[in-house]
>>> print(open('coords-v5.cif').read())   # mmCIF, C-alpha atoms
data_structure
loop_
_atom_site.label_atom_id
_atom_site.label_comp_id
_atom_site.auth_asym_id
_atom_site.auth_seq_id
_atom_site.Cartn_x
_atom_site.Cartn_y
_atom_site.Cartn_z
CA MET A 856 10.61 40.28 2.94
CA ARG A 857 12.68 37.34 4.15
CA ILE A 858 13.16 37.09 7.90
CA VAL A 859 14.53 34.67 10.46
CA LEU A 860 12.79 34.62 13.83
CA ASP A 861 15.06 33.32 16.59
CA THR A 862 13.52 30.77 18.98
CA ASN A 863 13.30 33.34 21.78
CA VAL A 864 11.02 35.54 19.65
CA VAL A 865 8.73 32.63 18.74
CA LEU A 866 8.53 31.56 22.37
CA GLY A 867 7.70 35.14 23.33
CA ALA A 868 4.73 34.96 20.95
CA LEU A 869 3.53 31.76 22.58
CA ILE A 870 3.80 33.22 26.07
CA LYS A 871 2.29 36.66 25.34
CA PRO A 872 -0.23 36.40 22.49
CA ASN A 873 -0.85 40.18 22.55
CA GLY A 874 2.83 41.16 22.50
CA LEU A 875 5.11 42.37 19.71
CA ALA A 876 6.56 38.91 19.08
CA SER A 877 3.08 37.54 18.48
CA LEU A 878 2.35 40.42 16.10
CA LEU A 879 5.40 39.39 14.08
CA VAL A 880 4.37 35.74 13.96
CA GLN A 881 0.79 36.62 13.01
CA SER A 882 2.11 38.88 10.22
CA LEU A 883 3.80 35.98 8.43
CA ASP A 884 1.98 35.31 5.16
CA ARG A 885 4.49 33.50 2.86
CA LYS A 886 4.17 36.38 0.38
CA ARG A 887 5.20 39.73 1.82
CA LEU A 888 6.73 38.33 5.02
CA VAL A 889 8.31 34.87 5.00
CA ASN A 890 10.14 33.28 7.93
CA TYR A 891 13.01 30.86 7.42
CA THR A 892 14.22 28.23 9.83
CA SER A 893 16.07 24.91 9.76
CA GLU A 894 15.64 21.45 11.22
CA GLU A 895 18.10 22.43 13.95
CA GLY A 896 16.07 25.56 14.70
CA LEU A 897 12.86 23.52 14.92
CA VAL A 898 14.48 21.00 17.27
CA GLU A 899 15.57 23.84 19.56
CA LEU A 900 12.06 25.28 19.45
CA SER A 901 10.43 21.95 20.33
CA LEU A 902 12.79 21.34 23.28
CA LYS A 903 12.24 24.80 24.76
CA LEU A 904 8.52 24.60 24.05
CA ALA A 905 8.25 21.36 26.04
CA LEU A 906 9.94 23.01 29.03
CA LEU A 907 7.61 26.00 28.93
CA GLU A 908 4.56 23.79 28.60
CA GLU A 909 5.68 21.71 31.57
CA GLU A 910 6.12 24.91 33.59
CA GLY A 911 2.66 26.15 32.55
CA LYS A 912 4.04 29.35 30.99
CA LEU A 913 2.33 29.13 27.58
CA SER A 914 -0.76 31.18 26.76
CA PRO A 915 -4.10 29.42 26.23
CA GLY A 916 -3.98 29.95 22.43
CA TRP A 917 -0.33 28.97 21.95
CA LYS A 918 -1.09 26.00 19.68
CA ARG A 919 -2.85 28.22 17.15
CA ILE A 920 0.06 30.67 17.09
CA LEU A 921 2.58 27.83 16.74
CA ALA A 922 0.57 26.25 13.91
CA HIS A 923 0.57 29.58 12.05
CA PHE A 924 4.33 29.99 12.59
CA LEU A 925 5.04 26.50 11.24
CA ALA A 926 2.67 26.87 8.27
CA MET A 927 4.20 30.22 7.28
CA SER A 928 7.85 29.17 7.64
CA GLU A 929 10.21 27.75 5.03
CA VAL A 930 12.73 25.16 6.21
CA VAL A 931 16.22 25.49 4.73
CA SER A 932 19.24 23.23 5.03
CA PRO A 933 22.24 25.52 5.46
CA PHE A 934 25.26 24.51 3.42
CA ASN A 935 27.61 27.10 4.93
CA HIS A 936 28.63 26.90 8.56
CA PHE A 937 29.96 29.75 10.68
CA LYS A 938 31.86 30.02 13.94
CA LEU A 939 31.21 33.62 14.87
CA CYS A 940 29.16 33.55 18.06
CA ARG A 941 30.48 33.23 21.57
CA ASP A 942 27.68 30.69 22.08
CA ARG A 943 28.29 28.29 19.17
CA ASP A 944 24.66 27.17 19.35
CA ASP A 945 23.66 30.60 18.02
CA ASP A 946 25.67 30.19 14.80
CA LYS A 947 22.70 28.31 13.32
CA TRP A 948 20.77 31.61 13.05
CA LEU A 949 23.59 33.13 11.00
CA GLU A 950 23.62 30.04 8.80
CA ILE A 951 19.87 30.14 8.25
CA ALA A 952 19.97 33.87 7.46
CA PHE A 953 22.80 33.34 4.98
CA GLU A 954 21.13 30.36 3.28
CA ALA A 955 17.76 32.14 3.03
CA ARG A 956 19.34 35.46 2.05
CA ALA A 957 17.28 36.96 4.84
CA ASP A 958 16.66 40.68 4.99
CA TYR A 959 16.36 40.58 8.78
CA THR A 960 17.01 38.25 11.67
CA ILE A 961 14.91 39.18 14.67
CA THR A 962 16.33 38.12 18.01
CA TRP A 963 16.65 39.08 21.65
CA ASP A 964 19.92 37.17 21.95
CA LYS A 965 22.68 39.52 23.11
CA ASP A 966 25.44 37.36 21.57
CA LEU A 967 23.87 37.73 18.13
CA LEU A 968 22.99 41.39 18.58
CA ASN A 969 26.56 42.15 19.70
CA LEU A 970 27.90 40.91 16.34
CA ARG A 971 26.20 43.76 14.49
CA GLY A 972 28.11 46.60 12.97
CA LYS A 973 27.01 50.23 13.31
CA ASP A 974 24.56 49.74 10.43
CA GLY A 975 22.88 46.82 12.20
CA THR A 976 24.17 44.21 9.76
CA ILE A 977 26.45 41.24 10.03
CA PRO A 978 28.40 40.95 6.78
CA SER A 979 29.07 37.40 5.66
CA ARG A 980 30.64 36.40 2.38
CA GLY A 981 29.19 39.16 0.26
CA THR A 982 25.71 39.33 1.80
CA HIS A 983 24.40 41.38 4.69
CA SER A 984 21.57 40.37 6.98
CA ARG A 985 20.26 43.02 9.34
CA PHE A 986 20.00 41.78 12.92
CA SER A 987 17.37 43.55 14.88
CA GLY A 988 15.46 43.38 18.12
CA ARG A 989 11.75 42.94 17.55
CA SER A 990 10.61 46.49 18.33
CA SER A 991 13.17 48.21 16.09
CA PHE A 992 12.27 45.84 13.24
CA ILE A 993 8.56 46.63 13.63
CA MET A 994 9.21 50.38 13.69
CA ARG A 995 11.41 50.18 10.56
CA SER A 996 8.79 48.05 8.81
CA LEU A 997 5.94 50.37 9.73
CA ASN A 998 7.94 53.40 8.61
CA GLY A 999 8.80 51.63 5.35
CA ASN A 1000 5.15 50.77 4.73
CA ALA A 1001 4.15 54.38 5.42
CA GLU A 1002 6.76 55.60 2.94
CA GLU A 1003 5.47 53.12 0.32
CA ARG A 1004 1.91 54.47 0.73
CA HIS A 1005 3.09 58.07 0.23
CA THR A 1006 5.05 57.42 -2.95
#
>>> encode(input="coords-v5.cif", output="structure tokens")
Amino acid sequence: MRIVLDTNVVLGALIKPNGLASLLVQSLDRKRLVNYTSEEGLVELSLKLALLEEEGKLSPGWKRILAHFLAMSEVVSPFNHFKLCRDRDDDKWLEIAFEARADYTITWDKDLLNLRGKDGTIPSRGTHSRFSGRSSFIMRSLNGNAEERHT
């Protein structure tokens, strides 16, 4: 499955190593679950990470979690650019999802989540990426895995 983890989800994993966001990051394996990001996404992550480190908000094992995230992520260079979000800085997540042909984008960002249709997707030029909050993604994934085991 191809996913895009928004910066806020990755930072959540670094702050709460036993939370749902950390479970997502630790589940990345480059085979069944692959994360996609971009240089712009990594720059945003590093800037926000520096602020959290300065404020002492990161968990003791954050470097291990970050190393796993980086090792299990593919960096793409989006060719298509969108202007759909109220906060233009969030358009990069749409671009990454489109370029990677992501199945899901997991975010807590209300601007991105508000773009979803009733089916949870944001249609863009013939493809659909499902935008989901972390807990609904995990529940769908667990239910899908349970269905796979029963068939």
>>> atom_distance(input="coords-v5.cif", atom1="atom CA of Ile951 of chain A", atom2="atom CA of Asn873 of chain A")
27.1 Å
>>> resolve_selection(input="coords-v5.cif", expression="the PyMOL selection byres ((chain A and resi 923) around 12)", output="PyMOL selection string")
chain A and resi 865+868-869+877-885+889-890+916-922+924-928
>>> write_last_selection(input="coords-v5.cif", atoms="C-alpha atoms", output="PDB file, in the frame of the given file")
ATOM      1  CA  VAL A 865       8.730  32.630  18.740  1.00  0.00           C
ATOM      2  CA  ALA A 868       4.730  34.960  20.950  1.00  0.00           C
ATOM      3  CA  LEU A 869       3.530  31.760  22.580  1.00  0.00           C
ATOM      4  CA  SER A 877       3.080  37.540  18.480  1.00  0.00           C
ATOM      5  CA  LEU A 878       2.350  40.420  16.100  1.00  0.00           C
ATOM      6  CA  LEU A 879       5.400  39.390  14.080  1.00  0.00           C
ATOM      7  CA  VAL A 880       4.370  35.740  13.960  1.00  0.00           C
ATOM      8  CA  GLN A 881       0.790  36.620  13.010  1.00  0.00           C
ATOM      9  CA  SER A 882       2.110  38.880  10.220  1.00  0.00           C
ATOM     10  CA  LEU A 883       3.800  35.980   8.430  1.00  0.00           C
ATOM     11  CA  ASP A 884       1.980  35.310   5.160  1.00  0.00           C
ATOM     12  CA  ARG A 885       4.490  33.500   2.860  1.00  0.00           C
ATOM     13  CA  VAL A 889       8.310  34.870   5.000  1.00  0.00           C
ATOM     14  CA  ASN A 890      10.140  33.280   7.930  1.00  0.00           C
ATOM     15  CA  GLY A 916      -3.980  29.950  22.430  1.00  0.00           C
ATOM     16  CA  TRP A 917      -0.330  28.970  21.950  1.00  0.00           C
ATOM     17  CA  LYS A 918      -1.090  26.000  19.680  1.00  0.00           C
ATOM     18  CA  ARG A 919      -2.850  28.220  17.150  1.00  0.00           C
ATOM     19  CA  ILE A 920       0.060  30.670  17.090  1.00  0.00           C
ATOM     20  CA  LEU A 921       2.580  27.830  16.740  1.00  0.00           C
ATOM     21  CA  ALA A 922       0.570  26.250  13.910  1.00  0.00           C
ATOM     22  CA  PHE A 924       4.330  29.990  12.590  1.00  0.00           C
ATOM     23  CA  LEU A 925       5.040  26.500  11.240  1.00  0.00           C
ATOM     24  CA  ALA A 926       2.670  26.870   8.270  1.00  0.00           C
ATOM     25  CA  MET A 927       4.200  30.220   7.280  1.00  0.00           C
ATOM     26  CA  SER A 928       7.850  29.170   7.640  1.00  0.00           C
TER      27      SER A 928
END
>>> atom_distance(input="coords-v5.cif", atom1="atom CA of Val931 of chain A", atom2="atom CA of Thr960 of chain A")
14.5 Å
>>> residues_near_point(input="coords-v5.cif", point="(14.8, 42.8, 6.6)", cutoff="7 Å", atoms="all atoms listed in the file", output="MDAnalysis selection string")
chainID A and resid 856:858 957:959 985
>>> residues_around(input="coords-v5.cif", residues="Glu894 of chain A", least_positions_apart="4", cutoff="12 Å", atoms="only C-alpha atoms", output="list in words")
Val898, Glu899, Leu900, Ser901, Leu925, Ser928, Glu929, Val930, Val931, Ser932, Pro933, Lys947, Trp948, Glu950 and Ile951 of chain A
>>> atom_distance(input="coords-v5.cif", atom1="atom CA of Asp861 of chain A", atom2="atom CA of Gly874 of chain A")
15.7 Å
>>> closest_residue(input="coords-v5.cif", among="A:Leu913, A:Leu902, A:Glu908, A:Ser893", to="Leu860 of chain A", atoms="all atoms listed in the file")
A:Ser893
>>> decode(input="coords-v5.cif", residues="segment 857-976 of chain A", atoms="C-alpha atoms", output="PDB file, in the first residue's frame")
ATOM      1  CA  ARG A 857       1.276   3.450  -0.898  1.00  0.00           C
ATOM      2  CA  ILE A 858       0.748   6.139   1.724  1.00  0.00           C
ATOM      3  CA  VAL A 859       1.751   9.718   2.410  1.00  0.00           C
ATOM      4  CA  LEU A 860       2.250  10.664   6.054  1.00  0.00           C
ATOM      5  CA  ASP A 861       1.821  14.399   6.631  1.00  0.00           C
ATOM      6  CA  THR A 862       4.454  16.080   8.820  1.00  0.00           C
ATOM      7  CA  ASN A 863       2.022  16.386  11.726  1.00  0.00           C
ATOM      8  CA  VAL A 864       1.603  12.601  11.856  1.00  0.00           C
ATOM      9  CA  VAL A 865       5.366  11.978  11.801  1.00  0.00           C
ATOM     10  CA  LEU A 866       5.901  14.550  14.532  1.00  0.00           C
ATOM     11  CA  GLY A 867       3.161  12.882  16.570  1.00  0.00           C
ATOM     12  CA  ALA A 868       5.148   9.638  16.357  1.00  0.00           C
ATOM     13  CA  LEU A 869       8.267  11.393  17.617  1.00  0.00           C
ATOM     14  CA  ILE A 870       6.428  12.971  20.536  1.00  0.00           C
ATOM     15  CA  LYS A 871       4.380   9.913  21.604  1.00  0.00           C
ATOM     16  CA  PRO A 872       6.270   6.714  20.743  1.00  0.00           C
ATOM     17  CA  ASN A 873       3.377   4.543  21.991  1.00  0.00           C
ATOM     18  CA  GLY A 874       0.664   6.383  20.064  1.00  0.00           C
ATOM     19  CA  LEU A 875      -1.160   5.579  16.828  1.00  0.00           C
ATOM     20  CA  ALA A 876       1.105   7.792  14.724  1.00  0.00           C
ATOM     21  CA  SER A 877       4.133   5.866  15.944  1.00  0.00           C
ATOM     22  CA  LEU A 878       2.383   2.587  15.133  1.00  0.00           C
ATOM     23  CA  LEU A 879       1.955   3.807  11.556  1.00  0.00           C
ATOM     24  CA  VAL A 880       5.602   4.831  11.236  1.00  0.00           C
ATOM     25  CA  GLN A 881       6.813   1.552  12.739  1.00  0.00           C
ATOM     26  CA  SER A 882       4.588  -0.372  10.294  1.00  0.00           C
ATOM     27  CA  LEU A 883       6.421   1.023   7.268  1.00  0.00           C
ATOM     28  CA  ASP A 884       8.356  -1.789   5.590  1.00  0.00           C
ATOM     29  CA  ARG A 885       8.906  -0.707   1.925  1.00  0.00           C
ATOM     30  CA  LYS A 886       6.953  -3.782   0.800  1.00  0.00           C
ATOM     31  CA  ARG A 887       3.389  -3.869   2.097  1.00  0.00           C
ATOM     32  CA  LEU A 888       3.375  -0.290   3.429  1.00  0.00           C
ATOM     33  CA  VAL A 889       5.495   2.366   1.730  1.00  0.00           C
ATOM     34  CA  ASN A 890       5.521   6.058   2.628  1.00  0.00           C
ATOM     35  CA  TYR A 891       6.167   8.740   0.031  1.00  0.00           C
ATOM     36  CA  THR A 892       7.463  12.235   0.642  1.00  0.00           C
ATOM     37  CA  SER A 893       9.338  14.964  -1.218  1.00  0.00           C
ATOM     38  CA  GLU A 894      12.302  17.226  -0.595  1.00  0.00           C
ATOM     39  CA  GLU A 895       9.842  19.966   0.356  1.00  0.00           C
ATOM     40  CA  GLY A 896       8.137  17.624   2.814  1.00  0.00           C
ATOM     41  CA  LEU A 897      11.480  16.681   4.374  1.00  0.00           C
ATOM     42  CA  VAL A 898      12.478  20.349   4.732  1.00  0.00           C
ATOM     43  CA  GLU A 899       9.202  21.060   6.542  1.00  0.00           C
ATOM     44  CA  LEU A 900       9.804  18.059   8.793  1.00  0.00           C
ATOM     45  CA  SER A 901      13.340  19.150   9.678  1.00  0.00           C
ATOM     46  CA  LEU A 902      12.261  22.724  10.502  1.00  0.00           C
ATOM     47  CA  LYS A 903       9.415  21.607  12.768  1.00  0.00           C
ATOM     48  CA  LEU A 904      11.581  18.900  14.295  1.00  0.00           C
ATOM     49  CA  ALA A 905      14.207  21.480  15.287  1.00  0.00           C
ATOM     50  CA  LEU A 906      11.550  23.566  17.047  1.00  0.00           C
ATOM     51  CA  LEU A 907      10.216  20.586  18.979  1.00  0.00           C
ATOM     52  CA  GLU A 908      13.703  19.503  19.970  1.00  0.00           C
ATOM     53  CA  GLU A 909      14.498  23.001  21.194  1.00  0.00           C
ATOM     54  CA  GLU A 910      11.293  22.963  23.258  1.00  0.00           C
ATOM     55  CA  GLY A 911      12.149  19.532  24.702  1.00  0.00           C
ATOM     56  CA  LYS A 912       8.932  17.942  23.404  1.00  0.00           C
ATOM     57  CA  LEU A 913      10.447  14.904  21.651  1.00  0.00           C
ATOM     58  CA  SER A 914      10.407  11.454  23.242  1.00  0.00           C
ATOM     59  CA  PRO A 915      13.687   9.847  24.343  1.00  0.00           C
ATOM     60  CA  GLY A 916      13.678   7.380  21.401  1.00  0.00           C
ATOM     61  CA  TRP A 917      12.694   9.886  18.706  1.00  0.00           C
ATOM     62  CA  LYS A 918      15.904   9.469  16.690  1.00  0.00           C
ATOM     63  CA  ARG A 919      15.262   5.750  16.202  1.00  0.00           C
ATOM     64  CA  ILE A 920      11.697   6.401  15.041  1.00  0.00           C
ATOM     65  CA  LEU A 921      12.856   9.160  12.676  1.00  0.00           C
ATOM     66  CA  ALA A 922      15.599   6.927  11.250  1.00  0.00           C
ATOM     67  CA  HIS A 923      13.020   4.207  10.530  1.00  0.00           C
ATOM     68  CA  PHE A 924      10.679   6.737   8.886  1.00  0.00           C
ATOM     69  CA  LEU A 925      13.454   8.047   6.638  1.00  0.00           C
ATOM     70  CA  ALA A 926      14.743   4.575   5.741  1.00  0.00           C
ATOM     71  CA  MET A 927      11.250   3.343   4.835  1.00  0.00           C
ATOM     72  CA  SER A 928      10.222   6.394   2.791  1.00  0.00           C
ATOM     73  CA  GLU A 929      10.563   7.011  -0.939  1.00  0.00           C
ATOM     74  CA  VAL A 930      11.305  10.571  -2.041  1.00  0.00           C
ATOM     75  CA  VAL A 931       9.440  11.749  -5.133  1.00  0.00           C
ATOM     76  CA  SER A 932       9.756  14.943  -7.141  1.00  0.00           C
ATOM     77  CA  PRO A 933       6.221  16.011  -8.010  1.00  0.00           C
ATOM     78  CA  PHE A 934       5.799  17.192 -11.575  1.00  0.00           C
ATOM     79  CA  ASN A 935       2.198  18.364 -11.159  1.00  0.00           C
ATOM     80  CA  HIS A 936       1.361  21.303  -8.927  1.00  0.00           C
ATOM     81  CA  PHE A 937      -2.013  22.057  -7.377  1.00  0.00           C
ATOM     82  CA  LYS A 938      -3.648  25.104  -5.852  1.00  0.00           C
ATOM     83  CA  LEU A 939      -6.496  23.518  -3.929  1.00  0.00           C
ATOM     84  CA  CYS A 940      -5.802  24.163  -0.259  1.00  0.00           C
ATOM     85  CA  ARG A 941      -6.673  27.275   1.679  1.00  0.00           C
ATOM     86  CA  ASP A 942      -3.152  27.019   3.113  1.00  0.00           C
ATOM     87  CA  ARG A 943      -1.044  26.802  -0.066  1.00  0.00           C
ATOM     88  CA  ASP A 944       1.745  25.136   1.910  1.00  0.00           C
ATOM     89  CA  ASP A 945      -0.475  22.050   2.199  1.00  0.00           C
ATOM     90  CA  ASP A 946      -0.728  21.588  -1.573  1.00  0.00           C
ATOM     91  CA  LYS A 947       2.581  19.705  -1.460  1.00  0.00           C
ATOM     92  CA  TRP A 948       0.814  16.725   0.177  1.00  0.00           C
ATOM     93  CA  LEU A 949      -1.659  16.563  -2.720  1.00  0.00           C
ATOM     94  CA  GLU A 950       1.239  16.738  -5.161  1.00  0.00           C
ATOM     95  CA  ILE A 951       3.154  13.969  -3.411  1.00  0.00           C
ATOM     96  CA  ALA A 952       0.041  11.763  -3.260  1.00  0.00           C
ATOM     97  CA  PHE A 953      -0.633  12.338  -6.954  1.00  0.00           C
ATOM     98  CA  GLU A 954       2.972  11.673  -7.999  1.00  0.00           C
ATOM     99  CA  ALA A 955       3.229   8.523  -5.862  1.00  0.00           C
ATOM    100  CA  ARG A 956      -0.271   7.336  -6.797  1.00  0.00           C
ATOM    101  CA  ALA A 957      -0.853   6.986  -3.077  1.00  0.00           C
ATOM    102  CA  ASP A 958      -3.711   4.898  -1.769  1.00  0.00           C
ATOM    103  CA  TYR A 959      -3.976   7.036   1.367  1.00  0.00           C
ATOM    104  CA  THR A 960      -2.717  10.311   2.739  1.00  0.00           C
ATOM    105  CA  ILE A 961      -2.815  10.328   6.518  1.00  0.00           C
ATOM    106  CA  THR A 962      -3.091  13.759   8.093  1.00  0.00           C
ATOM    107  CA  TRP A 963      -4.553  15.692  10.986  1.00  0.00           C
ATOM    108  CA  ASP A 964      -4.647  18.877   8.918  1.00  0.00           C
ATOM    109  CA  LYS A 965      -8.215  20.209   8.779  1.00  0.00           C
ATOM    110  CA  ASP A 966      -7.593  22.079   5.501  1.00  0.00           C
ATOM    111  CA  LEU A 967      -6.643  18.825   3.773  1.00  0.00           C
ATOM    112  CA  LEU A 968      -9.357  16.784   5.449  1.00  0.00           C
ATOM    113  CA  ASN A 969     -11.979  19.367   4.456  1.00  0.00           C
ATOM    114  CA  LEU A 970     -11.169  18.799   0.765  1.00  0.00           C
ATOM    115  CA  ARG A 971     -12.473  15.226   0.927  1.00  0.00           C
ATOM    116  CA  GLY A 972     -15.664  14.170  -0.732  1.00  0.00           C
ATOM    117  CA  LYS A 973     -18.219  11.935   0.985  1.00  0.00           C
ATOM    118  CA  ASP A 974     -16.173   8.872   0.012  1.00  0.00           C
ATOM    119  CA  GLY A 975     -13.060  10.267   1.712  1.00  0.00           C
ATOM    120  CA  THR A 976     -11.191  10.869  -1.534  1.00  0.00           C
TER     121      THR A 976
END
